[in-house]
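K.L.:
Pasting protein-v8.cif below, which is mmCIF, N, CA and C atoms.
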data_final
loop_
_atom_site.label_atom_id
_atom_site.label_comp_id
_atom_site.auth_asym_id
_atom_site.auth_seq_id
_atom_site.Cartn_x
_atom_site.Cartn_y
_atom_site.Cartn_z
N MET X 540 76.17 -39.54 60.05
CA MET X 540 77.32 -39.01 60.77
C MET X 540 77.08 -37.55 61.13
N SER X 541 77.63 -37.16 62.24
CA SER X 541 77.52 -35.78 62.71
C SER X 541 78.55 -34.91 62.01
N ASN X 542 78.52 -33.64 62.31
CA ASN X 542 79.50 -32.69 61.77
C ASN X 542 80.76 -32.69 62.61
N VAL X 543 81.86 -32.36 61.97
CA VAL X 543 83.15 -32.23 62.65
C VAL X 543 83.15 -30.90 63.40
N ILE X 544 83.56 -30.95 64.67
CA ILE X 544 83.66 -29.71 65.45
C ILE X 544 85.10 -29.53 65.92
N ASN X 545 85.48 -28.28 66.13
CA ASN X 545 86.80 -27.95 66.65
C ASN X 545 86.67 -27.71 68.15
N ASN X 546 87.18 -28.63 68.94
CA ASN X 546 87.19 -28.47 70.39
C ASN X 546 88.51 -27.79 70.75
N LYS X 547 88.49 -26.45 70.74
CA LYS X 547 89.71 -25.68 70.96
C LYS X 547 90.29 -25.88 72.35
N ASP X 548 89.44 -26.13 73.35
CA ASP X 548 89.92 -26.35 74.71
C ASP X 548 90.81 -27.59 74.81
N HIS X 549 90.56 -28.59 73.96
CA HIS X 549 91.34 -29.82 73.98
C HIS X 549 92.26 -29.96 72.76
N CYS X 550 92.33 -28.90 71.95
CA CYS X 550 93.17 -28.89 70.74
C CYS X 550 92.93 -30.13 69.88
N ARG X 551 91.65 -30.33 69.54
CA ARG X 551 91.32 -31.47 68.70
C ARG X 551 90.01 -31.21 67.95
N TYR X 552 89.96 -31.81 66.77
CA TYR X 552 88.71 -31.86 66.02
C TYR X 552 88.02 -33.15 66.42
N GLU X 553 86.69 -33.11 66.46
CA GLU X 553 85.93 -34.26 66.94
C GLU X 553 84.80 -34.59 65.96
N LEU X 554 84.53 -35.89 65.85
CA LEU X 554 83.40 -36.37 65.07
C LEU X 554 82.72 -37.47 65.87
N ALA X 555 81.50 -37.20 66.30
CA ALA X 555 80.73 -38.18 67.08
C ALA X 555 79.91 -39.04 66.11
N VAL X 556 80.04 -40.36 66.25
CA VAL X 556 79.31 -41.30 65.41
C VAL X 556 78.86 -42.47 66.26
N ASP X 557 77.57 -42.74 66.27
CA ASP X 557 77.01 -43.91 66.96
C ASP X 557 77.49 -44.02 68.42
N GLY X 558 77.54 -42.91 69.12
CA GLY X 558 77.95 -42.91 70.52
C GLY X 558 79.45 -43.01 70.74
N ASN X 559 80.24 -42.96 69.67
CA ASN X 559 81.70 -43.00 69.76
C ASN X 559 82.26 -41.67 69.29
N LEU X 560 83.47 -41.35 69.73
CA LEU X 560 84.10 -40.08 69.37
C LEU X 560 85.44 -40.33 68.69
N ALA X 561 85.54 -39.90 67.43
CA ALA X 561 86.80 -39.93 66.70
C ALA X 561 87.43 -38.55 66.84
N THR X 562 88.75 -38.50 67.02
CA THR X 562 89.42 -37.23 67.26
C THR X 562 90.67 -37.06 66.40
N GLU X 563 90.94 -35.82 66.04
CA GLU X 563 92.15 -35.42 65.32
C GLU X 563 92.82 -34.36 66.18
N HIS X 564 93.92 -34.74 66.83
CA HIS X 564 94.62 -33.84 67.75
C HIS X 564 95.60 -32.96 66.98
N TYR X 565 95.72 -31.73 67.42
CA TYR X 565 96.59 -30.79 66.72
C TYR X 565 97.34 -29.89 67.69
N LYS X 566 98.36 -29.24 67.12
CA LYS X 566 99.11 -28.20 67.81
C LYS X 566 99.07 -26.97 66.92
N LEU X 567 98.82 -25.81 67.49
CA LEU X 567 98.73 -24.57 66.74
C LEU X 567 99.89 -23.66 67.13
N ASP X 568 100.62 -23.18 66.13
CA ASP X 568 101.74 -22.27 66.35
C ASP X 568 101.56 -21.09 65.39
N GLY X 569 101.03 -20.00 65.90
CA GLY X 569 100.72 -18.87 65.03
C GLY X 569 99.60 -19.26 64.08
N ASN X 570 99.88 -19.17 62.77
CA ASN X 570 98.87 -19.57 61.80
C ASN X 570 99.18 -20.92 61.15
N VAL X 571 100.06 -21.71 61.79
CA VAL X 571 100.42 -23.03 61.28
C VAL X 571 99.89 -24.09 62.24
N ILE X 572 99.10 -25.02 61.69
CA ILE X 572 98.54 -26.11 62.48
C ILE X 572 99.25 -27.40 62.11
N THR X 573 99.56 -28.21 63.10
CA THR X 573 100.18 -29.51 62.88
C THR X 573 99.26 -30.58 63.45
N PHE X 574 98.80 -31.48 62.61
CA PHE X 574 98.01 -32.60 63.10
C PHE X 574 98.97 -33.61 63.72
N GLU X 575 98.72 -33.96 64.98
CA GLU X 575 99.63 -34.84 65.70
C GLU X 575 99.23 -36.31 65.61
N HIS X 576 97.96 -36.60 65.80
CA HIS X 576 97.49 -37.97 65.63
C HIS X 576 95.97 -38.02 65.55
N THR X 577 95.51 -39.10 64.96
CA THR X 577 94.08 -39.33 64.79
C THR X 577 93.69 -40.56 65.58
N ASP X 578 92.60 -40.47 66.32
CA ASP X 578 92.07 -41.62 67.05
C ASP X 578 90.67 -41.93 66.53
N VAL X 579 90.51 -43.14 66.00
CA VAL X 579 89.21 -43.62 65.57
C VAL X 579 88.92 -44.91 66.33
N PRO X 580 87.86 -44.93 67.13
CA PRO X 580 87.54 -46.14 67.89
C PRO X 580 87.38 -47.33 66.96
N LYS X 581 87.79 -48.51 67.43
CA LYS X 581 87.73 -49.72 66.60
C LYS X 581 86.32 -50.00 66.10
N GLU X 582 85.31 -49.58 66.85
CA GLU X 582 83.92 -49.79 66.43
C GLU X 582 83.58 -49.03 65.14
N LEU X 583 84.36 -48.01 64.83
CA LEU X 583 84.12 -47.19 63.65
C LEU X 583 85.06 -47.51 62.51
N GLY X 584 85.98 -48.43 62.72
CA GLY X 584 86.97 -48.78 61.70
C GLY X 584 86.34 -49.25 60.40
N GLY X 585 86.93 -48.85 59.29
CA GLY X 585 86.48 -49.30 57.97
C GLY X 585 85.21 -48.63 57.47
N LYS X 586 84.77 -47.57 58.13
CA LYS X 586 83.53 -46.89 57.74
C LYS X 586 83.78 -45.51 57.15
N GLY X 587 85.04 -45.15 56.94
CA GLY X 587 85.36 -43.84 56.38
C GLY X 587 85.30 -42.70 57.39
N VAL X 588 85.19 -43.04 58.67
CA VAL X 588 85.07 -42.00 59.70
C VAL X 588 86.35 -41.18 59.79
N GLY X 589 87.50 -41.83 59.76
CA GLY X 589 88.77 -41.10 59.84
C GLY X 589 88.93 -40.11 58.69
N SER X 590 88.58 -40.54 57.49
CA SER X 590 88.67 -39.65 56.33
C SER X 590 87.71 -38.47 56.45
N LYS X 591 86.49 -38.74 56.89
CA LYS X 591 85.51 -37.65 57.06
C LYS X 591 85.99 -36.68 58.14
N LEU X 592 86.56 -37.20 59.21
CA LEU X 592 87.09 -36.36 60.28
C LEU X 592 88.19 -35.44 59.77
N VAL X 593 89.17 -36.01 59.09
CA VAL X 593 90.30 -35.22 58.60
C VAL X 593 89.85 -34.22 57.55
N GLN X 594 88.99 -34.64 56.64
CA GLN X 594 88.51 -33.71 55.61
C GLN X 594 87.72 -32.56 56.24
N GLY X 595 86.89 -32.87 57.22
CA GLY X 595 86.15 -31.81 57.91
C GLY X 595 87.07 -30.85 58.64
N ALA X 596 88.11 -31.40 59.26
CA ALA X 596 89.09 -30.56 59.94
C ALA X 596 89.83 -29.68 58.94
N LEU X 597 90.25 -30.25 57.82
CA LEU X 597 90.97 -29.48 56.81
C LEU X 597 90.11 -28.39 56.19
N ASP X 598 88.84 -28.66 56.00
CA ASP X 598 87.94 -27.63 55.49
C ASP X 598 87.88 -26.45 56.46
N GLN X 599 87.89 -26.74 57.77
CA GLN X 599 87.87 -25.68 58.77
C GLN X 599 89.21 -24.95 58.83
N VAL X 600 90.31 -25.68 58.65
CA VAL X 600 91.64 -25.07 58.60
C VAL X 600 91.69 -24.07 57.44
N ARG X 601 91.20 -24.49 56.30
CA ARG X 601 91.18 -23.61 55.11
C ARG X 601 90.32 -22.37 55.38
N ALA X 602 89.13 -22.58 55.92
CA ALA X 602 88.21 -21.46 56.18
C ALA X 602 88.80 -20.46 57.18
N ALA X 603 89.62 -20.94 58.11
CA ALA X 603 90.24 -20.08 59.12
C ALA X 603 91.50 -19.39 58.61
N GLY X 604 91.95 -19.75 57.40
CA GLY X 604 93.15 -19.13 56.84
C GLY X 604 94.44 -19.65 57.43
N LEU X 605 94.38 -20.83 58.04
CA LEU X 605 95.59 -21.44 58.62
C LEU X 605 96.37 -22.19 57.55
N LYS X 606 97.61 -22.50 57.85
CA LYS X 606 98.44 -23.33 56.99
C LYS X 606 98.77 -24.60 57.75
N LEU X 607 99.10 -25.64 57.01
CA LEU X 607 99.27 -26.97 57.58
C LEU X 607 100.65 -27.52 57.29
N MET X 608 101.22 -28.24 58.25
CA MET X 608 102.47 -28.95 58.01
C MET X 608 102.16 -30.13 57.09
N LYS X 609 103.11 -30.64 56.36
CA LYS X 609 102.93 -31.49 55.21
C LYS X 609 102.45 -32.93 55.35
N ALA X 610 102.63 -33.64 56.36
CA ALA X 610 102.47 -35.10 56.40
C ALA X 610 101.26 -35.67 55.65
N TRP X 611 100.07 -35.42 56.09
CA TRP X 611 98.87 -36.01 55.48
C TRP X 611 98.62 -35.45 54.09
N ILE X 612 98.97 -34.21 53.89
CA ILE X 612 98.71 -33.50 52.65
C ILE X 612 99.40 -34.16 51.46
N GLU X 613 100.58 -34.70 51.65
CA GLU X 613 101.29 -35.32 50.54
C GLU X 613 100.48 -36.44 49.89
N LYS X 614 99.61 -37.07 50.66
CA LYS X 614 98.76 -38.14 50.12
C LYS X 614 97.43 -37.61 49.59
N HIS X 615 97.14 -36.35 49.83
CA HIS X 615 95.87 -35.74 49.43
C HIS X 615 96.13 -34.37 48.78
N PRO X 616 96.62 -34.36 47.54
CA PRO X 616 97.04 -33.12 46.90
C PRO X 616 95.94 -32.08 46.72
N ASP X 617 94.68 -32.46 46.84
CA ASP X 617 93.61 -31.48 46.70
C ASP X 617 93.61 -30.47 47.85
N TYR X 618 94.41 -30.72 48.89
CA TYR X 618 94.56 -29.77 50.00
C TYR X 618 95.95 -29.14 50.02
N SER X 619 96.71 -29.25 48.94
CA SER X 619 98.10 -28.78 48.91
C SER X 619 98.24 -27.27 49.12
N ASP X 620 97.18 -26.51 48.86
CA ASP X 620 97.27 -25.05 49.06
C ASP X 620 97.36 -24.69 50.54
N LEU X 621 97.17 -25.65 51.42
CA LEU X 621 97.23 -25.38 52.86
C LEU X 621 98.62 -25.57 53.46
N VAL X 622 99.57 -26.06 52.69
CA VAL X 622 100.90 -26.36 53.20
C VAL X 622 101.69 -25.08 53.42
N ALA X 623 102.29 -24.96 54.62
CA ALA X 623 103.15 -23.82 54.91
C ALA X 623 104.42 -23.92 54.12
N ARG X 624 104.83 -22.84 53.54
CA ARG X 624 106.03 -22.84 52.70
C ARG X 624 107.07 -21.92 53.26
#
Before anything else, please render the file you have as structure tokens.
P.N.:
Amino acid sequence: MSNVINNKDHCRYELAVDGNLATEHYKLDGNVITFEHTDVPKELGGKGVGSKLVQGALDQVRAAGLKLMKAWIEKHPDYSDLVAR
């Protein structure tokens, strides 16, 4: 699998795998990022691509000092320090 990249022009994180592109779309408001939806092509389903995409995106969110709205985080408490309070 390739590395997750932040395509700021399209407001999405991207992960290219086997000629397919999985994406995590977001909205940025100041220092708060909201993940809006994740698209994983059916050809990549069941391979952990969505999880790798989101984790790669969250690692970049943390490194950039951004905060995250809660939805996905509630299921993944190891990223709870990123939640805007």
K.L.:
Can you work out which one of X:Asp548, X:Glu563, X:Val579, X:Gly569 has the shortest atom-to-atom distance to Ala596 in chain X, counting all atoms listed in the file?
P.N.:
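Checking each candidate against Ala596 in chain X, we get X:Glu563 as the closest.
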K.L.:
Around (86.7, -29.0, 69.6), as given in the file, which residues come within 12 Å? Count only C-alpha atoms and list them as a list in words.
P.N.:
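Nearby residues: Asn542, Val543, Ile544, Asn545, Asn546, Lys547, Asp548, His549, Cys550, Arg551, Tyr552, Glu553, Leu554, Ala555, Leu560, Ala561, Thr562, Glu563, His564, Tyr565, Leu592, Ala596 and Gln599 of chain X.
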K.L.:
If DSSP is run on the backbone, what residues of range 545-606 of chain X are alpha helix (DSSP H)? A reply as JSON, numbers by chain would be ideal.
P.N.:
{"X": [588, 589, 590, 591, 592, 593, 594, 595, 596, 597, 598, 599, 600, 601, 602]}
K.L.:
Running the PyMOL selection byres (((chain X and resi 557 and name CA) around 12) and name CA) on this model by hand, what would come out? Give it as a list in words.
P.N.:
Met540, Ser541, Leu554, Ala555, Val556, Gly558, Asn559, Leu560, Ala561, Pro580, Glu582, Leu583, Lys586 and Val588 of chain X
K.L.:
Residues as selected, N, CA and C atoms, written as a PDB file, in the coordinates of the input, can you do that?
P.N.:
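Result file out07.pdb:
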ATOM      1  N   MET X 540      76.170 -39.540  60.050  1.00  0.00           N
ATOM      2  CA  MET X 540      77.320 -39.010  60.770  1.00  0.00           C
ATOM      3  C   MET X 540      77.080 -37.550  61.130  1.00  0.00           C
ATOM      4  N   SER X 541      77.630 -37.160  62.240  1.00  0.00           N
ATOM      5  CA  SER X 541      77.520 -35.780  62.710  1.00  0.00           C
ATOM      6  C   SER X 541      78.550 -34.910  62.010  1.00  0.00           C
ATOM      7  N   LEU X 554      84.530 -35.890  65.850  1.00  0.00           N
ATOM      8  CA  LEU X 554      83.400 -36.370  65.070  1.00  0.00           C
ATOM      9  C   LEU X 554      82.720 -37.470  65.870  1.00  0.00           C
ATOM     10  N   ALA X 555      81.500 -37.200  66.300  1.00  0.00           N
ATOM     11  CA  ALA X 555      80.730 -38.180  67.080  1.00  0.00           C
ATOM     12  C   ALA X 555      79.910 -39.040  66.110  1.00  0.00           C
ATOM     13  N   VAL X 556      80.040 -40.360  66.250  1.00  0.00           N
ATOM     14  CA  VAL X 556      79.310 -41.300  65.410  1.00  0.00           C
ATOM     15  C   VAL X 556      78.860 -42.470  66.260  1.00  0.00           C
ATOM     16  N   GLY X 558      77.540 -42.910  69.120  1.00  0.00           N
ATOM     17  CA  GLY X 558      77.950 -42.910  70.520  1.00  0.00           C
ATOM     18  C   GLY X 558      79.450 -43.010  70.740  1.00  0.00           C
ATOM     19  N   ASN X 559      80.240 -42.960  69.670  1.00  0.00           N
ATOM     20  CA  ASN X 559      81.700 -43.000  69.760  1.00  0.00           C
ATOM     21  C   ASN X 559      82.260 -41.670  69.290  1.00  0.00           C
ATOM     22  N   LEU X 560      83.470 -41.350  69.730  1.00  0.00           N
ATOM     23  CA  LEU X 560      84.100 -40.080  69.370  1.00  0.00           C
ATOM     24  C   LEU X 560      85.440 -40.330  68.690  1.00  0.00           C
ATOM     25  N   ALA X 561      85.540 -39.900  67.430  1.00  0.00           N
ATOM     26  CA  ALA X 561      86.800 -39.930  66.700  1.00  0.00           C
ATOM     27  C   ALA X 561      87.430 -38.550  66.840  1.00  0.00           C
ATOM     28  N   PRO X 580      87.860 -44.930  67.130  1.00  0.00           N
ATOM     29  CA  PRO X 580      87.540 -46.140  67.890  1.00  0.00           C
ATOM     30  C   PRO X 580      87.380 -47.330  66.960  1.00  0.00           C
ATOM     31  N   GLU X 582      85.310 -49.580  66.850  1.00  0.00           N
ATOM     32  CA  GLU X 582      83.920 -49.790  66.430  1.00  0.00           C
ATOM     33  C   GLU X 582      83.580 -49.030  65.140  1.00  0.00           C
ATOM     34  N   LEU X 583      84.360 -48.010  64.830  1.00  0.00           N
ATOM     35  CA  LEU X 583      84.120 -47.190  63.650  1.00  0.00           C
ATOM     36  C   LEU X 583      85.060 -47.510  62.510  1.00  0.00           C
ATOM     37  N   LYS X 586      84.770 -47.570  58.130  1.00  0.00           N
ATOM     38  CA  LYS X 586      83.530 -46.890  57.740  1.00  0.00           C
ATOM     39  C   LYS X 586      83.780 -45.510  57.150  1.00  0.00           C
ATOM     40  N   VAL X 588      85.190 -43.040  58.670  1.00  0.00           N
ATOM     41  CA  VAL X 588      85.070 -42.000  59.700  1.00  0.00           C
ATOM     42  C   VAL X 588      86.350 -41.180  59.790  1.00  0.00           C
TER      43      VAL X 588
END
K.L.:
Could you give me, as a ChimeraX atom specification, the residues that have an atom at most 8 Å away from the point (99.1, -33.2, 62.9) in the coordinates of the file, using only C-alpha atoms?
P.N.:
/X:563-566,572-576,608,610-611
